[in-house]
Amino acid sequence: MYNYGKKYCCQYFFTYVRDHDEPYIRYGVTVTRRIGNAVVRNRAKRIMREALRQSAEYAEPGFEIVLVARSDIKKVGFFPVLHQLKKHLFEKHSIHRKGKVLER
RNA sequence: GGAGUCGGCCGGGCGGCCGCUGGUUCCUGUUGGAACUGGAGGAAAGUCCGGGCUCCAGAGGGCAGAACGCCGGGUAACUCCCGGGGGGAGUGAUCCUACGGAAAGUGCAACAGAGAGCAGACCGCCGAUGGCCUCAAGGCACAGGCAAGGGUGAAACGGUGAGGUAAGAGCUCACCAGCGGUUCGGGUAACCGGAUCGGCUUGGCAAACCCCGUUCGGAGCAAGACCAAAUAGAGAAGCGCUUGAGAGCGGCCCGUUCGAUGCUUCCGGGUAGGUUGCAUGAGGCGCAUGGUAACAUGCGUCCCAGAUGAAUGGUCGCCGUUCAUCCGGUUAAACGGAUGUUCACAGAACCCGGCUUACAGGUCGACUCCGCGU
(Lines give C-alpha, C1' and ligand atoms only; values in the text may rest on other atoms or scores of the structure.)
Protein backbone atom coordinates (compact mmCIF):
# COMPACT_ATOMS: atom_id res chain seq x y z
CA MET A 1 0.00 0.00 0.00
CA TYR A 2 2.73 2.43 0.98
CA ASN A 3 4.82 1.39 -2.02
CA TYR A 4 2.19 1.14 -4.76
CA GLY A 5 -0.47 3.66 -3.70
CA LYS A 6 -0.64 7.31 -4.66
CA LYS A 7 0.57 9.58 -1.86
CA TYR A 8 -0.73 13.05 -1.06
CA CYS A 9 0.35 15.14 1.91
CA CYS A 10 -0.74 18.18 3.85
CA GLN A 11 0.10 19.73 7.20
CA TYR A 12 -1.97 17.30 9.26
CA PHE A 13 -1.69 13.85 7.62
CA PHE A 14 -0.52 11.79 4.65
CA THR A 15 -3.04 10.07 2.36
CA TYR A 16 -2.28 6.85 0.50
CA VAL A 17 -4.90 5.85 -2.10
CA ARG A 18 -5.07 2.89 -4.49
CA ASP A 19 -7.89 1.97 -6.86
CA HIS A 20 -9.25 -1.57 -7.03
CA ASP A 21 -12.21 -3.40 -8.57
CA GLU A 22 -14.14 -4.43 -5.45
CA PRO A 23 -17.48 -2.65 -4.80
CA TYR A 24 -16.46 -1.12 -1.46
CA ILE A 25 -14.04 1.32 0.14
CA ARG A 26 -11.41 -0.18 2.43
CA TYR A 27 -9.73 2.19 4.84
CA GLY A 28 -7.04 2.26 7.53
CA VAL A 29 -5.82 4.80 10.04
CA THR A 30 -2.31 5.04 11.51
CA VAL A 31 -1.22 7.14 14.46
CA THR A 32 2.26 6.47 15.79
CA ARG A 33 3.38 6.95 19.36
CA ARG A 34 5.36 10.01 18.30
CA ILE A 35 2.10 11.94 18.02
CA GLY A 36 1.32 11.87 21.75
CA ASN A 37 -0.15 9.85 24.58
CA ALA A 38 -3.13 7.53 24.34
CA VAL A 39 -5.74 10.26 24.68
CA VAL A 40 -4.23 12.36 21.91
CA ARG A 41 -3.83 9.34 19.63
CA ASN A 42 -7.44 8.26 20.19
CA ARG A 43 -8.72 11.72 19.34
CA ALA A 44 -6.65 11.86 16.15
CA LYS A 45 -7.96 8.46 15.05
CA ARG A 46 -11.57 9.45 15.76
CA ILE A 47 -11.28 12.69 13.83
CA MET A 48 -9.73 10.95 10.84
CA ARG A 49 -12.32 8.16 10.90
CA GLU A 50 -15.16 10.67 11.08
CA ALA A 51 -13.67 12.62 8.18
CA LEU A 52 -13.37 9.42 6.16
CA ARG A 53 -16.97 8.47 6.94
CA GLN A 54 -18.33 11.82 5.90
CA SER A 55 -16.20 11.91 2.74
CA ALA A 56 -17.15 8.38 1.74
CA GLU A 57 -20.83 9.30 1.61
CA TYR A 58 -20.06 11.29 -1.52
CA ALA A 59 -17.46 8.96 -3.10
CA GLU A 60 -17.84 6.22 -5.67
CA PRO A 61 -16.58 2.95 -4.11
CA GLY A 62 -13.68 1.10 -5.61
CA PHE A 63 -10.53 2.20 -3.83
CA GLU A 64 -8.67 1.68 -0.60
CA ILE A 65 -7.17 4.40 1.53
CA VAL A 66 -4.79 4.80 4.48
CA LEU A 67 -4.37 7.97 6.52
CA VAL A 68 -1.18 8.51 8.53
CA ALA A 69 -1.30 11.26 11.12
CA ARG A 70 1.37 13.93 11.45
CA SER A 71 2.04 15.70 14.71
CA ASP A 72 0.27 18.93 13.74
CA ILE A 73 -3.04 17.10 13.80
CA LYS A 74 -3.24 17.49 17.57
CA LYS A 75 -3.41 21.27 17.19
CA VAL A 76 -6.55 21.37 15.03
CA GLY A 77 -10.17 20.28 15.18
CA PHE A 78 -12.37 18.28 12.84
CA PHE A 79 -13.11 20.65 9.98
CA PRO A 80 -9.56 21.35 8.75
CA VAL A 81 -8.97 17.60 8.53
CA LEU A 82 -12.23 17.03 6.64
CA HIS A 83 -11.43 19.88 4.25
CA GLN A 84 -7.95 18.57 3.49
CA LEU A 85 -9.19 15.02 3.00
CA LYS A 86 -11.87 16.09 0.53
CA LYS A 87 -9.25 18.10 -1.32
CA HIS A 88 -7.01 15.05 -1.60
CA LEU A 89 -9.78 12.73 -2.74
CA PHE A 90 -11.88 14.78 -5.09
CA GLU A 91 -9.47 17.36 -6.49
CA LYS A 92 -6.15 15.54 -6.62
CA HIS A 93 -7.22 11.91 -6.98
CA SER A 94 -10.48 12.56 -8.91
CA ILE A 95 -12.67 10.07 -7.08
CA HIS A 96 -16.16 10.08 -8.54
CA ARG A 97 -18.76 11.60 -6.28
CA LYS A 98 -21.56 9.15 -5.38
CA GLY A 99 -21.97 5.80 -3.66
CA LYS A 100 -22.09 4.76 -0.03
CA VAL A 101 -20.65 1.24 0.41
CA LEU A 102 -18.02 1.24 3.14
CA GLU A 103 -15.91 -1.51 4.59
CA ARG A 104 -13.16 -1.25 7.12
C1' G B 1 -10.80 39.30 59.03
C1' G B 2 -5.82 37.20 58.02
C1' A B 3 -2.30 33.03 58.07
C1' G B 4 -2.13 27.78 58.35
C1' U B 5 -2.94 22.17 59.28
C1' C B 6 -5.73 17.74 58.26
C1' G B 7 -9.60 14.93 55.90
C1' G B 8 -13.74 14.10 52.33
C1' C B 9 -16.30 15.07 47.63
C1' C B 10 -16.66 16.94 42.55
C1' G B 11 -13.65 17.59 38.46
C1' G B 12 -18.09 20.75 33.20
C1' G B 13 -24.20 20.66 32.66
C1' C B 14 -28.70 20.30 29.35
C1' G B 15 -30.69 19.51 24.50
C1' G B 16 -30.88 18.58 18.81
C1' C B 17 -28.70 16.02 14.30
C1' C B 18 -25.18 12.25 12.36
C1' G B 19 -22.19 7.84 13.83
C1' C B 20 -19.48 3.37 16.85
C1' U B 21 -20.21 -0.79 20.15
C1' G B 22 -22.43 -4.67 24.13
C1' G B 23 -27.26 -6.75 25.76
C1' U B 24 -32.69 -8.00 25.33
C1' U B 25 -37.00 -8.63 22.20
C1' C B 26 -39.07 -8.93 17.31
C1' C B 27 -38.47 -9.50 11.91
C1' U B 28 -35.30 -12.70 9.72
C1' G B 29 -32.58 -16.68 10.26
C1' U B 30 -26.55 -16.35 5.08
C1' U B 31 -25.64 -11.28 5.45
C1' G B 32 -28.49 -8.08 8.06
C1' G B 33 -32.69 -4.69 9.82
C1' A B 34 -35.99 -2.30 13.68
C1' A B 35 -37.28 -0.90 18.78
C1' C B 36 -35.68 -0.35 23.80
C1' U B 37 -31.50 -0.02 26.75
C1' G B 38 -25.99 0.01 28.82
C1' G B 39 -21.11 2.15 27.38
C1' A B 40 -13.98 4.98 30.84
C1' G B 41 -11.10 7.00 35.71
C1' G B 42 -9.74 9.03 40.48
C1' A B 43 -5.97 8.00 39.16
C1' A B 44 -8.42 3.69 33.83
C1' A B 45 -1.43 5.76 34.21
C1' G B 46 3.53 3.67 36.24
C1' U B 47 3.36 -1.94 36.21
C1' C B 48 6.14 -1.25 42.01
C1' C B 49 4.03 -4.85 45.93
C1' G B 50 0.06 -8.48 47.72
C1' G B 51 -3.84 -12.02 46.54
C1' G B 52 -7.78 -14.71 43.62
C1' C B 53 -7.86 -17.75 39.14
C1' U B 54 -5.01 -21.14 35.60
C1' C B 55 -1.12 -24.39 34.10
C1' C B 56 3.68 -26.67 35.33
C1' A B 57 6.85 -28.78 39.19
C1' G B 58 6.88 -31.02 44.01
C1' A B 59 9.18 -37.21 49.55
C1' G B 60 11.93 -34.39 53.27
C1' G B 61 15.88 -30.98 54.44
C1' G B 62 19.77 -27.41 53.41
C1' C B 63 22.74 -23.62 50.71
C1' A B 64 22.49 -19.41 47.69
C1' G B 65 19.35 -15.19 46.55
C1' A B 66 15.50 -11.55 47.48
C1' A B 67 12.24 -8.79 50.57
C1' C B 68 11.14 -7.16 55.32
C1' G B 69 12.69 -5.57 60.66
C1' C B 70 9.58 -0.85 67.77
C1' C B 71 4.62 -3.00 69.88
C1' G B 72 -0.63 -4.45 69.41
C1' G B 73 -4.62 -5.07 66.04
C1' G B 74 -7.21 -5.39 60.86
C1' U B 75 -7.17 -8.38 56.36
C1' A B 76 -7.77 -13.49 51.50
C1' A B 77 -2.81 -11.35 51.68
C1' C B 78 0.84 -7.50 51.86
C1' U B 79 6.38 -4.08 52.05
C1' C B 80 -0.62 -1.91 52.92
C1' C B 81 -4.14 0.17 56.66
C1' C B 82 -5.61 1.49 61.91
C1' G B 83 -4.23 2.43 67.04
C1' G B 84 -0.10 3.01 70.38
C1' G B 85 5.39 3.74 71.96
C1' G B 86 10.48 5.91 71.15
C1' G B 87 13.26 9.84 68.39
C1' G B 88 13.10 14.59 65.55
C1' A B 89 10.64 19.55 63.54
C1' G B 90 6.98 23.39 64.59
C1' U B 91 4.21 28.79 69.23
C1' G B 92 0.28 25.28 67.75
C1' A B 93 -3.30 22.26 64.88
C1' U B 94 -0.06 18.77 62.96
C1' C B 95 3.96 16.59 60.25
C1' C B 96 8.48 13.34 59.45
C1' U B 97 10.72 8.70 61.01
C1' A B 98 14.10 1.24 56.93
C1' C B 99 13.01 2.63 64.33
C1' G B 100 16.95 -5.12 65.32
C1' G B 101 22.61 -5.61 66.24
C1' A B 102 28.46 -1.03 66.20
C1' A B 103 30.88 -4.79 73.75
C1' A B 104 31.69 -10.88 66.63
C1' G B 105 34.65 -9.28 62.52
C1' U B 106 35.99 -6.26 57.99
C1' G B 107 35.47 -1.39 56.14
C1' C B 108 34.26 4.16 55.39
C1' A B 109 34.50 9.60 56.86
C1' A B 110 35.06 15.15 51.49
C1' C B 111 36.83 20.09 53.21
C1' A B 112 38.96 22.23 57.41
C1' G B 113 42.09 20.83 61.30
C1' A B 114 47.95 19.46 65.19
C1' G B 115 44.81 15.21 65.55
C1' A B 116 38.99 11.32 62.81
C1' G B 117 39.74 6.02 66.63
C1' C B 118 41.57 2.51 71.74
C1' A B 119 43.71 9.68 68.39
C1' G B 120 46.48 14.16 68.83
C1' A B 121 50.03 18.73 70.48
C1' C B 122 49.52 24.23 66.28
C1' C B 123 48.81 28.22 69.85
C1' G B 124 49.01 27.26 74.96
C1' C B 125 49.96 25.70 80.55
C1' C B 126 53.89 23.88 83.77
C1' G B 127 58.85 23.06 84.36
C1' A B 128 57.74 19.99 91.00
C1' U B 129 62.09 16.25 89.43
C1' G B 130 66.79 16.34 86.46
C1' G B 131 70.11 19.99 83.70
C1' C B 132 72.44 25.03 83.03
C1' C B 133 73.32 30.25 85.20
C1' U B 134 73.37 32.22 90.21
C1' C B 135 76.04 32.70 97.12
C1' A B 136 70.76 32.99 97.37
C1' A B 137 65.93 34.75 96.03
C1' G B 138 65.30 33.80 91.26
C1' G B 139 66.07 33.04 86.03
C1' C B 140 66.55 29.87 81.22
C1' A B 141 62.57 26.84 78.62
C1' C B 142 67.20 22.14 77.62
C1' A B 143 65.38 17.15 79.04
C1' G B 144 60.64 16.32 80.31
C1' G B 145 55.37 16.64 82.11
C1' C B 146 50.05 18.23 80.81
C1' A B 147 45.57 18.50 77.87
C1' A B 148 42.39 22.92 81.56
C1' G B 149 41.75 27.12 77.78
C1' G B 150 41.95 28.88 72.31
C1' G B 151 41.18 27.49 67.31
C1' U B 152 39.00 23.53 63.06
C1' G B 153 34.92 20.46 62.02
C1' A B 154 28.70 17.34 60.96
C1' A B 155 31.46 14.83 64.80
C1' A B 156 37.42 15.90 69.07
C1' C B 157 36.91 10.28 74.03
C1' G B 158 30.99 13.08 79.45
C1' G B 159 28.95 18.13 82.27
C1' U B 160 29.10 21.42 86.85
C1' G B 161 31.46 22.19 91.47
C1' A B 162 35.07 20.84 95.15
C1' G B 163 39.52 18.40 96.49
C1' G B 164 44.18 17.51 94.39
C1' U B 165 48.75 19.29 91.58
C1' A B 166 54.48 22.33 89.40
C1' A B 167 50.57 22.45 85.79
C1' G B 168 46.85 19.01 85.02
C1' A B 169 43.79 14.77 84.38
C1' G B 170 37.35 10.32 86.78
C1' C B 171 43.26 10.96 89.69
C1' U B 172 39.48 11.25 94.03
C1' C B 173 34.55 12.88 95.82
C1' A B 174 29.31 14.96 95.38
C1' C B 175 25.36 15.89 92.06
C1' C B 176 23.71 15.41 86.93
C1' A B 177 23.80 12.82 82.04
C1' G B 178 24.81 8.11 79.88
C1' C B 179 25.65 2.46 80.30
C1' G B 180 24.69 -2.26 82.76
C1' G B 181 22.43 -5.35 86.80
C1' U B 182 18.56 -6.15 90.59
C1' U B 183 13.81 -4.66 92.01
C1' C B 184 8.83 -2.03 92.72
C1' G B 185 4.48 0.33 90.28
C1' G B 186 1.49 1.22 85.54
C1' G B 187 0.60 -1.01 80.62
C1' U B 188 -1.64 -7.14 76.62
C1' A B 189 3.08 -5.17 74.72
C1' A B 190 6.60 -1.65 72.75
C1' C B 191 7.61 1.41 76.72
C1' C B 192 6.99 4.89 80.89
C1' G B 193 7.86 6.31 86.12
C1' G B 194 10.57 5.22 90.80
C1' A B 195 14.23 2.85 94.21
C1' U B 196 18.96 0.70 94.69
C1' C B 197 23.79 -1.27 93.36
C1' G B 198 28.01 -1.48 90.08
C1' G B 199 32.26 -0.31 87.26
C1' C B 200 33.89 4.55 86.03
C1' U B 201 32.63 6.58 80.17
C1' U B 202 32.55 2.33 76.23
C1' G B 203 31.96 8.13 69.36
C1' G B 204 29.16 8.02 64.07
C1' C B 205 27.71 5.14 59.55
C1' A B 206 24.55 -1.40 58.91
C1' A B 207 19.46 2.69 52.55
C1' A B 208 28.57 -0.31 53.46
C1' C B 209 29.85 -5.67 53.64
C1' C B 210 28.08 -8.44 57.51
C1' C B 211 25.42 -10.92 61.94
C1' C B 212 20.52 -12.20 64.05
C1' G B 213 15.22 -13.02 63.24
C1' U B 214 10.79 -13.60 59.92
C1' U B 215 8.73 -14.67 55.03
C1' C B 216 9.22 -16.47 49.96
C1' G B 217 8.47 -23.10 44.34
C1' G B 218 8.03 -21.27 38.88
C1' A B 219 5.31 -18.99 35.00
C1' G B 220 1.37 -16.03 33.62
C1' C B 221 -5.45 -14.61 30.52
C1' A B 222 -0.60 -14.09 24.56
C1' A B 223 -2.53 -18.48 31.60
C1' G B 224 -5.71 -22.43 30.41
C1' A B 225 -10.05 -25.24 27.96
C1' C B 226 -12.95 -26.46 23.50
C1' C B 227 -14.27 -26.46 18.02
C1' A B 228 -11.48 -26.67 13.74
C1' A B 229 -10.26 -25.11 6.99
C1' A B 230 -4.93 -26.18 5.83
C1' U B 231 -0.64 -29.34 5.95
C1' A B 232 2.93 -33.61 7.83
C1' G B 233 1.36 -38.83 9.12
C1' A B 234 3.34 -43.58 12.57
C1' G B 235 -2.33 -45.79 12.30
C1' A B 236 -7.55 -48.46 11.10
C1' A B 237 -11.46 -50.02 7.69
C1' G B 238 -13.44 -50.40 2.73
C1' C B 239 -12.80 -50.43 -2.63
C1' G B 240 -9.45 -51.23 -6.60
C1' C B 241 -4.66 -52.69 -9.61
C1' U B 242 -6.07 -53.34 -17.01
C1' U B 243 -12.18 -57.90 -16.01
C1' G B 244 -10.79 -50.21 -14.06
C1' A B 245 -11.76 -47.76 -7.53
C1' G B 246 -11.71 -42.81 -8.56
C1' A B 247 -10.95 -37.94 -11.16
C1' G B 248 -11.63 -34.25 -15.58
C1' C B 249 -15.15 -32.64 -19.79
C1' G B 250 -20.90 -32.61 -19.43
C1' G B 251 -27.56 -31.07 -16.69
C1' C B 252 -27.57 -36.74 -17.11
C1' C B 253 -26.50 -41.43 -19.93
C1' C B 254 -23.24 -42.89 -23.70
C1' G B 255 -18.57 -41.42 -25.04
C1' U B 256 -13.64 -39.82 -24.41
C1' U B 257 -8.94 -38.43 -21.60
C1' C B 258 -6.05 -39.47 -17.18
C1' G B 259 -5.43 -43.40 -13.88
C1' A B 260 -2.25 -47.48 -9.51
C1' U B 261 3.39 -47.27 -2.77
C1' G B 262 -4.00 -45.19 -5.87
C1' C B 263 -8.92 -43.44 -4.03
C1' U B 264 -12.79 -42.85 -0.13
C1' U B 265 -14.08 -42.79 4.99
C1' C B 266 -12.45 -42.89 9.97
C1' C B 267 -8.46 -41.92 13.45
C1' G B 268 -4.70 -38.69 14.82
C1' G B 269 -2.59 -33.97 14.93
C1' G B 270 -3.43 -29.22 15.66
C1' U B 271 -1.83 -23.97 11.79
C1' A B 272 -5.28 -19.82 9.98
C1' G B 273 -9.78 -18.63 12.13
C1' G B 274 -13.59 -19.02 15.88
C1' U B 275 -15.85 -20.08 20.85
C1' U B 276 -14.80 -19.95 25.95
C1' G B 277 -12.01 -18.07 30.09
C1' C B 278 -15.11 -12.74 30.36
C1' A B 279 -17.65 -9.94 34.37
C1' U B 280 -22.49 -11.82 40.36
C1' G B 281 -17.67 -9.88 42.51
C1' A B 282 -12.82 -10.80 49.08
C1' G B 283 -19.04 -6.31 44.47
C1' G B 284 -21.68 -1.23 45.14
C1' C B 285 -25.28 1.56 48.15
C1' G B 286 -28.36 2.22 52.68
C1' C B 287 -29.49 0.98 57.76
C1' A B 288 -28.43 -1.48 62.42
C1' U B 289 -24.96 -3.72 65.90
C1' G B 290 -19.74 -4.46 67.96
C1' G B 291 -15.02 -1.78 67.96
C1' U B 292 -11.21 4.57 69.76
C1' A B 293 -10.17 3.09 64.61
C1' A B 294 -8.71 0.04 60.40
C1' C B 295 -12.59 -3.40 60.02
C1' A B 296 -16.25 -7.24 61.03
C1' U B 297 -21.30 -9.23 61.34
C1' G B 298 -26.56 -9.04 60.12
C1' C B 299 -30.72 -7.23 57.21
C1' G B 300 -32.53 -4.72 52.90
C1' U B 301 -31.63 -3.23 48.00
C1' C B 302 -29.11 -2.75 43.07
C1' C B 303 -26.79 -5.22 38.51
C1' C B 304 -23.11 -0.99 37.14
C1' A B 305 -18.22 -1.08 30.16
C1' G B 306 -16.66 -5.54 27.86
C1' A B 307 -13.49 -3.62 22.76
C1' U B 308 -9.75 -7.18 20.25
C1' G B 309 -6.14 -3.27 13.46
C1' A B 310 -8.89 -2.55 19.74
C1' A B 311 -15.92 0.83 20.48
C1' U B 312 -17.41 4.67 24.28
C1' G B 313 -17.22 9.69 19.12
C1' G B 314 -18.17 14.14 15.57
C1' U B 315 -20.84 18.62 15.21
C1' C B 316 -24.30 22.64 16.49
C1' G B 317 -27.14 25.65 20.18
C1' C B 318 -27.87 27.46 25.28
C1' C B 319 -25.70 27.81 30.22
C1' G B 320 -21.30 27.62 33.34
C1' U B 321 -15.80 28.64 33.62
C1' U B 322 -10.60 31.48 32.57
C1' C B 323 -8.41 35.63 30.41
C1' A B 324 -8.24 39.98 27.21
C1' U B 325 -10.47 44.26 24.77
C1' C B 326 -14.54 47.64 24.36
C1' C B 327 -19.17 49.91 26.28
C1' G B 328 -22.34 51.19 30.54
C1' G B 329 -21.72 52.10 35.81
C1' U B 330 -18.59 53.82 40.08
C1' U B 331 -14.28 58.66 43.46
C1' A B 332 -12.09 53.71 42.76
C1' A B 333 -14.14 48.99 42.96
C1' A B 334 -18.29 45.77 43.00
C1' C B 335 -21.78 44.84 39.13
C1' G B 336 -24.20 44.47 34.02
C1' G B 337 -23.58 43.80 28.58
C1' A B 338 -20.94 42.70 23.73
C1' U B 339 -16.93 40.30 20.95
C1' G B 340 -13.04 36.92 20.93
C1' U B 341 -10.58 33.21 23.82
C1' U B 342 -9.65 29.16 27.58
C1' C B 343 -11.66 24.75 30.10
C1' A B 344 -6.51 20.04 34.33
C1' C B 345 -4.08 15.20 34.44
C1' A B 346 -5.35 11.57 31.49
C1' G B 347 -8.27 6.17 27.81
C1' A B 348 -10.52 0.07 30.60
C1' A B 349 -8.09 -4.95 28.13
C1' C B 350 -8.76 -11.52 33.43
C1' C B 351 -10.38 -9.52 38.23
C1' C B 352 -9.68 -7.49 43.13
C1' G B 353 -6.67 -4.96 47.63
C1' G B 354 -2.70 -1.38 48.05
C1' C B 355 1.49 1.88 46.91
C1' U B 356 3.67 5.66 43.81
C1' U B 357 3.35 9.48 40.34
C1' A B 358 0.27 13.45 37.33
C1' C B 359 -3.77 17.00 38.03
C1' A B 360 -6.78 23.78 35.90
C1' G B 361 -10.37 24.78 39.08
C1' G B 362 -14.43 24.26 42.57
C1' U B 363 -16.71 22.73 47.14
C1' C B 364 -17.71 20.81 52.25
C1' G B 365 -16.18 19.66 57.25
C1' A B 366 -12.90 19.62 61.62
C1' C B 367 -8.94 22.00 64.06
C1' U B 368 -4.68 25.65 65.23
C1' C B 369 -2.28 30.55 65.65
C1' C B 370 -2.65 35.96 65.23
C1' G B 371 -5.67 40.55 65.09
C1' C B 372 -10.38 43.21 65.96
C1' G B 373 -15.40 43.72 68.13
C1' U B 374 -19.12 42.22 71.89
# chains A, B, ... in the order shown; residues from 1 in each chain; ligands from 1
>>> residues_around(residues="B:U257", least_positions_apart="6", cutoff="12 Å", atoms="only C-alpha atoms (C1' of nucleotides)", output="PDB file with N, CA and C atoms (P, O5', C5', C4', C3', O3' and C1' of nucleotides), in the first residue's frame")
ATOM      1  P     A B 247     -15.045 -39.385  -8.044  1.00  0.00           P
ATOM      2  O5'   A B 247     -13.948 -38.610  -8.894  1.00  0.00           O
ATOM      3  C5'   A B 247     -13.007 -37.754  -8.234  1.00  0.00           C
ATOM      4  C4'   A B 247     -11.974 -37.212  -9.202  1.00  0.00           C
ATOM      5  C3'   A B 247     -12.531 -36.392 -10.356  1.00  0.00           C
ATOM      6  O3'   A B 247     -12.829 -35.066 -10.005  1.00  0.00           O
ATOM      7  C1'   A B 247     -10.949 -37.944 -11.158  1.00  0.00           C
ATOM      8  P     G B 248     -14.022 -34.293 -10.720  1.00  0.00           P
ATOM      9  O5'   G B 248     -13.403 -33.953 -12.139  1.00  0.00           O
ATOM     10  C5'   G B 248     -12.324 -33.025 -12.246  1.00  0.00           C
ATOM     11  C4'   G B 248     -11.868 -32.885 -13.687  1.00  0.00           C
ATOM     12  C3'   G B 248     -12.938 -32.473 -14.695  1.00  0.00           C
ATOM     13  O3'   G B 248     -13.175 -31.079 -14.660  1.00  0.00           O
ATOM     14  C1'   G B 248     -11.629 -34.247 -15.581  1.00  0.00           C
ATOM     15  P     C B 249     -14.677 -30.518 -14.827  1.00  0.00           P
ATOM     16  O5'   C B 249     -14.977 -30.803 -16.370  1.00  0.00           O
ATOM     17  C5'   C B 249     -14.259 -30.103 -17.385  1.00  0.00           C
ATOM     18  C4'   C B 249     -14.641 -30.606 -18.757  1.00  0.00           C
ATOM     19  C3'   C B 249     -16.130 -30.600 -19.073  1.00  0.00           C
ATOM     20  O3'   C B 249     -16.570 -29.307 -19.469  1.00  0.00           O
ATOM     21  C1'   C B 249     -15.148 -32.642 -19.793  1.00  0.00           C
TER      22        C B 249
END
>>> interface_residues(of="chain A", to="chain B", cutoff="8 Å", atoms="only C-alpha atoms (C1' of nucleotides)", output="tab-separated table (two decimals) with N, CA and C atoms, in the first residue's frame")
chain	number	residue	atom	x	y	z
A	38	ALA	N	-2.01	8.32	24.83
A	38	ALA	CA	-3.13	7.53	24.34
A	38	ALA	C	-4.35	8.39	24.05
A	39	VAL	N	-4.57	9.41	24.88
A	39	VAL	CA	-5.74	10.26	24.68
A	39	VAL	C	-5.62	11.04	23.38
A	42	ASN	N	-6.04	8.64	20.40
A	42	ASN	CA	-7.44	8.26	20.19
A	42	ASN	C	-8.21	9.37	19.50
A	46	ARG	N	-10.13	9.23	15.87
A	46	ARG	CA	-11.57	9.45	15.76
A	46	ARG	C	-11.86	10.56	14.75
A	47	ILE	N	-11.06	11.60	14.79
A	47	ILE	CA	-11.28	12.69	13.83
A	47	ILE	C	-11.06	12.20	12.42
A	50	GLU	N	-13.94	9.93	11.36
A	50	GLU	CA	-15.16	10.67	11.08
A	50	GLU	C	-15.06	11.39	9.75
A	78	PHE	N	-11.86	19.22	13.82
A	78	PHE	CA	-12.37	18.28	12.84
A	78	PHE	C	-12.38	18.86	11.43
>>> residues_around(residues="stretch 228-235 of chain B", least_positions_apart="2", cutoff="9 Å", atoms="only C-alpha atoms (C1' of nucleotides)", output="list in words")
C267, G268, G269, G270, U271, A272, G273 and G274 of chain B
>>> residues_around(residues="A:Lys87", least_positions_apart="3", cutoff="12 Å", atoms="only C-alpha atoms (C1' of nucleotides)", output="list in words")
Tyr8, Cys9, Cys10, Thr15, Ala51, Ser55, Pro80, Val81, Leu82, His83, Gln84, Phe90, Glu91, Lys92, His93, Ser94 and Ile95 of chain A
>>> closest_residue(among="B:A89, B:A260, B:C49, B:C323", to="B:A77", atoms="only C-alpha atoms (C1' of nucleotides)")
B:C49
